[in-house]
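K.L.:
Structure supplied as model.txt; contents: compact mmCIF, C-alpha atoms.
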```txt
# COMPACT_ATOMS: atom_id res chain seq x y z
CA ILE A 1 183.88 168.82 17.62
CA GLU A 2 187.18 167.04 18.33
CA VAL A 3 188.07 167.41 14.64
CA LEU A 4 187.15 171.11 14.51
CA SER A 5 189.10 171.94 17.69
CA THR A 6 192.11 170.03 16.36
CA LEU A 7 192.23 171.35 12.78
CA THR A 8 191.13 174.96 13.38
CA PRO A 9 192.26 177.69 15.81
CA PHE A 10 188.65 178.50 16.71
CA PRO A 11 187.16 178.03 20.20
CA THR A 12 184.64 175.20 20.49
CA ASP A 13 181.96 174.22 22.97
CA ILE A 14 179.66 171.28 23.62
CA ILE A 15 176.17 171.97 24.95
CA TYR A 16 174.38 169.10 26.65
CA HIS A 17 170.67 169.71 26.17
CA SER A 18 169.89 168.50 29.69
CA GLU A 19 171.94 171.38 31.12
CA LEU A 20 169.99 174.24 29.49
CA SER A 21 166.35 175.23 29.35
CA PRO A 22 164.74 174.99 25.87
CA GLU A 23 164.62 178.80 25.70
CA GLU A 24 168.35 179.15 26.49
CA LEU A 25 169.28 176.46 23.98
CA TRP A 26 167.21 178.02 21.18
CA ARG A 27 168.72 181.44 21.90
CA THR A 28 172.25 179.99 21.84
CA ILE A 29 171.65 178.14 18.56
CA SER A 30 170.02 181.18 16.93
CA GLU A 31 172.78 183.57 17.95
CA SER A 32 175.48 181.17 16.77
CA ASP A 33 173.69 180.71 13.45
CA LYS A 34 173.50 184.49 12.95
CA GLN A 35 177.26 184.74 13.56
CA ASP A 36 178.00 182.01 10.99
CA HIS A 37 179.46 179.64 13.56
CA ILE A 38 179.86 175.99 12.56
CA LEU A 39 177.18 173.94 14.31
CA THR A 40 176.90 170.18 14.68
CA CYS A 41 174.54 167.99 16.70
CA ILE A 42 174.43 164.42 18.01
CA THR A 43 171.42 162.12 18.24
CA LYS A 44 170.63 160.24 21.43
CA PHE A 45 172.12 156.78 21.91
CA ASP A 46 168.84 154.95 21.44
CA ASP A 47 168.17 152.35 18.75
CA ASN A 48 164.44 153.18 18.84
CA ILE A 49 165.04 156.50 17.07
CA GLU A 50 165.89 154.56 13.91
CA HIS A 51 162.14 154.07 13.44
CA TYR A 52 162.10 157.81 12.64
CA GLY A 53 164.89 157.68 10.06
CA LEU A 54 167.64 158.79 12.47
CA ILE A 55 170.82 156.96 13.49
CA SER A 56 171.65 156.34 17.15
CA GLY A 57 174.64 158.35 18.47
CA HIS A 58 175.22 159.96 15.08
CA SER A 59 176.71 163.39 14.35
CA CYS A 60 174.97 165.73 11.87
CA THR A 61 175.49 169.26 10.58
CA LEU A 62 173.10 171.83 11.99
CA VAL A 63 172.79 174.02 8.90
CA SER A 64 170.53 176.81 10.18
CA ALA A 65 167.74 177.83 12.55
CA PHE A 66 164.53 179.65 11.62
CA GLU A 67 161.64 181.11 13.61
CA ARG A 68 158.62 182.20 11.57
CA LYS A 69 154.95 182.97 12.15
CA VAL A 70 152.74 180.55 10.22
CA LYS A 71 149.00 181.20 10.38
CA GLY A 72 149.52 183.30 13.51
CA LYS A 73 151.54 180.59 15.31
CA LYS A 74 155.31 180.68 16.00
CA VAL A 75 157.15 177.78 14.41
CA LYS A 76 160.81 177.00 15.20
CA LEU A 77 162.51 174.80 12.62
CA LEU A 78 166.06 173.53 12.29
CA LYS A 79 167.62 172.55 8.99
CA ILE A 80 169.89 169.54 9.53
CA ARG A 81 172.08 167.41 7.28
CA ASN A 82 173.14 163.81 7.69
CA PRO A 83 176.76 163.74 6.39
CA TRP A 84 176.07 160.38 4.75
CA GLY A 85 173.98 162.25 2.15
CA TYR A 86 171.01 159.94 2.70
CA LYS A 87 168.86 158.47 5.53
CA GLU A 88 166.68 161.29 6.83
CA TRP A 89 164.23 162.19 9.59
CA SER A 90 160.74 160.88 8.77
CA GLY A 91 158.64 162.68 11.40
CA ARG A 92 156.97 166.09 11.44
CA TYR A 93 158.26 168.53 8.78
CA SER A 94 160.20 165.74 7.04
CA ASP A 95 160.29 165.64 3.23
CA GLY A 96 156.76 165.53 1.85
CA SER A 97 155.06 165.57 5.28
CA PRO A 98 151.58 167.20 5.59
CA GLU A 99 153.05 170.08 7.64
CA TRP A 100 154.49 171.50 4.41
CA ASP A 101 151.40 173.25 3.16
CA GLU A 102 151.48 176.31 0.91
CA ASP A 103 151.73 178.78 3.84
CA THR A 104 154.59 176.93 5.53
CA ILE A 105 156.61 176.60 2.32
CA LYS A 106 156.09 180.32 1.67
CA CYS A 107 157.41 181.21 5.16
CA PHE A 108 160.48 178.93 5.15
CA GLY A 109 161.27 178.39 1.47
CA ASP A 110 164.15 176.22 0.22
CA VAL A 111 162.13 173.05 0.86
CA LYS A 112 163.18 170.23 -1.46
CA VAL A 113 161.80 166.71 -1.43
CA LYS A 114 164.99 164.85 -2.22
CA GLU A 115 167.04 161.99 -0.73
CA ASP A 116 170.09 164.19 -0.04
CA GLY A 117 170.52 163.83 3.73
CA ILE A 118 169.01 167.29 4.34
CA PHE A 119 165.88 167.46 6.47
CA TRP A 120 163.85 169.92 8.57
CA MET A 121 162.86 169.30 12.17
CA GLU A 122 160.74 171.19 14.67
CA PHE A 123 162.73 172.35 17.71
CA GLU A 124 160.48 170.37 20.05
CA ASP A 125 161.40 167.13 18.22
CA TYR A 126 165.05 168.17 18.13
CA LEU A 127 165.05 168.19 21.95
CA LYS A 128 163.49 164.69 21.99
CA PHE A 129 165.88 163.04 19.56
CA PHE A 130 169.17 164.97 19.86
CA GLU A 131 171.17 165.26 23.08
CA GLU A 132 174.08 167.57 22.18
CA THR A 133 174.70 170.70 20.14
CA GLU A 134 178.31 171.54 19.33
CA ILE A 135 179.60 174.98 18.37
CA CYS A 136 182.79 176.00 16.60
CA LYS A 137 183.12 179.80 16.74
CA ALA A 138 184.57 180.39 13.29
CA LYS A 139 185.78 183.97 12.82
CA ARG A 140 187.37 185.93 9.99
CA SER A 141 190.04 187.37 12.29
CA ILE A 142 191.34 185.78 15.47
CA CYS A 143 194.38 185.79 17.76
CA VAL A 144 195.08 182.55 19.60
CA LYS A 145 197.63 181.30 22.12
CA ASN A 146 197.85 177.84 23.66
CA ILE A 147 199.90 176.80 26.70
CA LYS A 148 200.32 173.14 27.54
CA ILE A 149 200.17 172.45 31.27
CA ASN A 150 203.05 170.45 32.67
CA LYS A 151 201.68 167.05 33.73
CA ASP A 152 203.62 167.30 37.02
CA ARG A 153 201.58 170.43 37.85
CA ILE A 154 198.11 169.07 37.08
CA CYS A 155 197.35 168.24 40.72
CA GLU A 156 198.14 171.83 41.79
CA PRO A 157 196.35 175.14 41.08
CA ASN A 158 197.91 176.74 37.97
CA ILE A 159 197.79 180.47 37.29
CA PHE A 160 198.09 182.43 34.03
CA HIS A 161 198.32 186.21 33.55
CA LEU A 162 196.12 187.66 30.79
CA SER A 163 196.77 191.20 29.49
CA ILE A 164 193.99 192.80 27.45
CA PHE A 165 195.14 195.89 25.52
CA GLN A 166 191.71 197.01 24.23
CA LYS A 167 188.12 195.90 24.70
CA THR A 168 187.63 192.52 23.04
CA ASN A 169 185.65 189.26 23.02
CA VAL A 170 187.60 186.52 24.78
CA ASP A 171 187.11 182.75 24.71
CA ILE A 172 189.12 180.75 27.26
CA THR A 173 189.08 176.98 26.88
CA LEU A 174 190.56 174.29 29.05
CA LEU A 175 191.37 171.62 26.46
CA ARG A 176 191.67 168.05 27.64
CA LYS A 177 192.84 164.95 25.85
CA THR A 178 189.85 162.62 25.50
CA TYR A 179 189.34 158.90 25.00
CA ARG A 180 189.16 159.47 21.22
CA PHE A 181 192.89 160.25 21.31
CA ASN A 182 193.87 157.86 24.10
CA ARG A 183 191.67 154.84 24.81
CA LYS A 184 193.40 154.37 28.16
CA ILE A 185 191.72 157.54 29.44
CA ILE A 186 188.58 156.15 31.04
CA PRO A 187 185.78 158.74 31.46
CA ASN A 188 185.47 159.63 35.13
CA GLU A 189 182.81 162.11 36.22
CA ASP A 190 184.42 162.39 39.68
CA ILE A 191 187.40 164.25 38.18
CA ILE A 192 186.27 167.86 37.71
CA ALA A 193 188.36 170.41 35.78
CA ASN A 194 187.82 174.04 36.80
CA LEU A 195 188.52 177.47 35.29
CA LEU A 196 188.26 180.80 37.10
CA LEU A 197 188.64 184.24 35.55
CA VAL A 198 189.46 187.16 37.87
CA LYS A 199 190.27 190.83 37.32
CA ILE A 200 193.20 192.54 39.02
CA ASN A 201 192.62 196.11 40.19
CA LYS A 202 195.11 198.90 39.42
CA ILE A 203 197.02 198.39 42.68
CA GLY A 204 197.45 194.73 41.84
CA LYS A 205 196.39 193.37 45.21
CA VAL A 206 192.62 193.07 45.09
CA ILE A 207 190.97 190.71 42.60
CA THR A 208 187.35 190.37 41.52
CA LEU A 209 185.90 187.02 40.45
CA LEU A 210 184.25 187.44 37.03
CA LYS A 211 183.32 183.97 35.85
CA THR A 212 183.83 180.26 36.50
CA SER A 213 183.42 177.07 34.48
CA SER A 214 183.61 173.47 35.68
CA SER A 215 183.10 170.16 33.93
CA SER A 216 183.84 166.47 34.30
CA ARG A 217 182.65 165.54 30.81
CA LYS A 218 183.92 168.16 28.37
CA ASN A 219 186.33 171.07 27.87
CA SER A 220 185.61 173.86 30.34
CA THR A 221 184.98 177.17 28.54
CA LEU A 222 184.64 180.84 29.49
CA SER A 223 183.34 183.43 27.02
CA GLU A 224 183.34 187.09 28.01
CA THR A 225 183.75 190.62 26.65
CA LEU A 226 186.67 192.11 28.59
CA GLU A 227 187.75 195.71 29.00
CA LYS A 228 191.38 196.79 28.78
CA GLY A 229 193.20 195.58 31.90
CA GLU A 230 194.99 192.77 33.71
CA TYR A 231 193.36 189.44 34.51
CA LEU A 232 194.24 186.07 36.01
CA ILE A 233 193.11 182.65 34.82
CA TYR A 234 193.15 179.89 37.43
CA PHE A 235 193.06 176.23 36.47
CA PHE A 236 192.76 173.37 38.89
CA VAL A 237 191.46 169.80 38.87
CA ASP A 238 189.34 168.50 41.73
CA TYR A 239 190.50 164.96 42.54
CA SER A 240 188.62 164.77 45.87
CA HIS A 241 186.54 161.82 44.59
CA GLY A 242 188.72 160.62 41.73
CA LYS A 243 192.17 159.16 41.35
CA PHE A 244 195.00 161.39 40.05
CA ASP A 245 196.80 160.13 36.95
CA LYS A 246 199.14 161.73 34.43
CA LYS A 247 197.30 160.33 31.38
CA ARG A 248 194.84 163.22 31.57
CA LYS A 249 196.60 166.03 29.76
CA TYR A 250 195.38 169.63 29.71
CA SER A 251 196.19 172.92 28.02
CA ILE A 252 194.87 176.47 28.24
CA ASP A 253 193.65 178.00 24.97
CA VAL A 254 192.82 181.71 24.70
CA ALA A 255 191.24 183.26 21.58
CA CYS A 256 190.51 186.99 21.13
CA ASP A 257 189.41 189.39 18.42
CA GLN A 258 192.43 191.61 19.31
CA TYR A 259 196.07 191.15 20.31
CA PHE A 260 196.60 190.09 23.92
CA GLY A 261 199.30 188.77 26.27
CA LEU A 262 199.18 185.38 28.03
CA TYR A 263 201.87 184.31 30.49
CA ASP A 264 202.33 181.13 32.52
CA LYS A 265 202.85 182.18 36.15
CA GLY A 266 203.34 178.65 37.52
CA THR A 267 201.40 177.34 40.50
CA ASP A 268 199.77 179.18 43.38
CA GLN A 269 200.35 177.37 46.68
CA ASN A 270 198.17 179.89 48.54
CA PHE A 271 195.13 179.27 46.33
```
What's the structure tokens form of this structure?
P.N.:
Amino acid sequence: IEVLSTLTPFPTDIIYHSELSPEELWRTISESDKQDHILTCITKFDDNIEHYGLISGHSCTLVSAFERKVKGKKVKLLKIRNPWGYKEWSGRYSDGSPEWDEDTIKCFGDVKVKEDGIFWMEFEDYLKFFEETEICKAKRSICVKNIKINKDRICEPNIFHLSIFQKTNVDITLLRKTYRFNRKIIPNEDIIANLLLVKINKIGKVITLLKTSSSSRKNSTLSETLEKGEYLIYFFVDYSHGKFDKKRKYSIDVACDQYFGLYDKGTDQNF
């Protein structure tokens, strides 16, 4: 996901499987697949999974998600590809497994027994052996603006003014530089980065809190459909249990389907 967020203008998100119910995760994957988003997934860091043909802590492409009724029973399968082009899952619904009877092949199709890195996996097994799903929201048309946050302002609440000119889907991401780009940045789950999205009323004095996002492990993200109007984005880092340092760099990234305005309003001492 670091590559996709660096080389494309599209918003990205990491979903830790432990943070969502199986139903929510399946719904998220299915909806993203229908919208042609780029999906990747990461296996658990556990050498024991290699007995099942998987590689510990390895990133794969999540090609597509299917839910079909086979012999009156709902079956949820994911089509996954190991980018190496070989070494595949050897459990249920793997190449040539007994689960691929005539009825199942008829329902899912496109089943090839071939050492090509592509394999099928039941969603239940996916939850056992994979710990993250990553989403890159690729779109045919997108407007993006990024504002780097001054490192001298990181320890203070920052505020940005967002103008929406017509109803649109909005993705707001708090991007952070990770250890992959700077090995001196030691992961610290006590340092929590926060985003708040609020709406300003017509008078400009009263605000309504719409959504929040907080994380100590990944980029904080907010996705919402917003009506025409004026909004504020607040960003602040909670250092109450962690030590402040200027190595941790942040920027605000806003992506919309329509034109919009984004303005840095500095810090808010009254926050």
K.L.:
With only C-alpha atoms counted and 6 Å as the cut-off, give the residues of segment 96-139 of chain A in contact with segment 44-67 of chain A, each with its shortest interatomic distance in Å and the pair that gives it, as CSV.
P.N.:
```
residue,atom,partner,partner_atom,distance
A:Phe129,CA,A:Lys44,CA,5.8
A:Phe130,CA,A:Lys44,CA,5.2
A:Glu131,CA,A:Lys44,CA,5.3
```
K.L.:
From the options A:Lys184, A:Ile164, A:Tyr263, A:Tyr93, which residue's atoms come nearest to Phe123 of chain A, counting only C-alpha atoms?
P.N.:
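Under the stated criterion, the closest residue is A:Tyr93.
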K.L.:
I'd like the neighbourhood of Pro83 of chain A as a PyMOL selection string, where a residue qualifies if any of its atoms comes within 7 Å (using only C-alpha atoms), though same-chain residues fewer than 2 positions away should be ignored.
P.N.:
chain A and resi 60+81+85+117
K.L.:
For Ile154 of chain A, which of A:Arg183, A:Arg176, A:Arg217, A:Lys114 is the closest residue, counting all atoms listed in the file?
P.N.:
A:Arg176
K.L.:
For Leu195 of chain A, which of A:Ser32, A:Thr12, A:Asn270, A:Ser251 is the closest residue, counting all atoms listed in the file?
P.N.:
A:Ser251
K.L.:
Padding 3 Å on every side, please: axis-aligned box over the listed atoms of segment 78-97 of chain A, centre and edge lengths to one decimal in Å, as JSON.
P.N.:
```
{"center_x": 165.9, "center_y": 166.0, "center_z": 7.1, "size_x": 27.7, "size_y": 21.1, "size_z": 16.4}
```
K.L.:
Excluding Ile207 of chain A and residues on its chain fewer than 4 positions from it, collect all residues at most 9 Å away from it, counting only C-alpha atoms, and give them as a ChimeraX atom specification.
P.N.:
/A:198-201,231-232
K.L.:
Please compute the atom CA of Cys155 of chain A-atom CA of Ile1 of chain A distance, one decimal, in Å.
P.N.:
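Between atom CA of Cys155 of chain A and atom CA of Ile1 of chain A the gap works out to 26.7 Å.
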K.L.:
Any idea what the distance is between atom CA of His37 of chain A and atom CA of Val70 of chain A?
P.N.:
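Here the two named atoms are 26.9 Å from each other.
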K.L.:
Excluding same-chain residues fewer than 5 positions from segment 5-10 of chain A, what lies within 9 Å of it counting all atoms listed in the file, as a PyMOL selection string?
P.N.:
chain A and resi 136-139+142-144+255
K.L.:
Rounded to one decimal, what separation in Å do you get between atom CA of Val75 of chain A and atom CA of Glu19 of chain A?
P.N.:
23.2 Å
K.L.:
Go through A:Ile14, A:Cys107, A:Cys41, A:Leu175 and flag the residue nearest Lys71 of chain A, using all atoms listed in the file for the distances.
P.N.:
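Nearest candidate to Lys71 of chain A out of A:Ile14, A:Cys107, A:Cys41, A:Leu175: A:Cys107.
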K.L.:
Smallest atom-to-atom distance to Ile192 of chain A: which of A:Lys228, A:Arg248, A:Lys167, A:Lys148, using all atoms listed in the file?
P.N.:
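Distance minimum relative to Ile192 of chain A lands on A:Arg248.
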K.L.:
Would you kindly identify which residues have an atom no farther than 7 Å from (193.3, 176.0, 22.8), using all atoms listed in the file and the file's own coordinates, and write them out as an MDAnalysis selection string?
P.N.:
chainID A and resid 11 145:146 173 175 251:254
K.L.:
Give me, as an MDAnalysis selection string, all polymer residues having an atom no more than 6 Å from Ile159 of chain A, counting all atoms listed in the file and skipping those fewer than 3 positions away in the same chain.
P.N.:
chainID A and resid 233:234 265:267
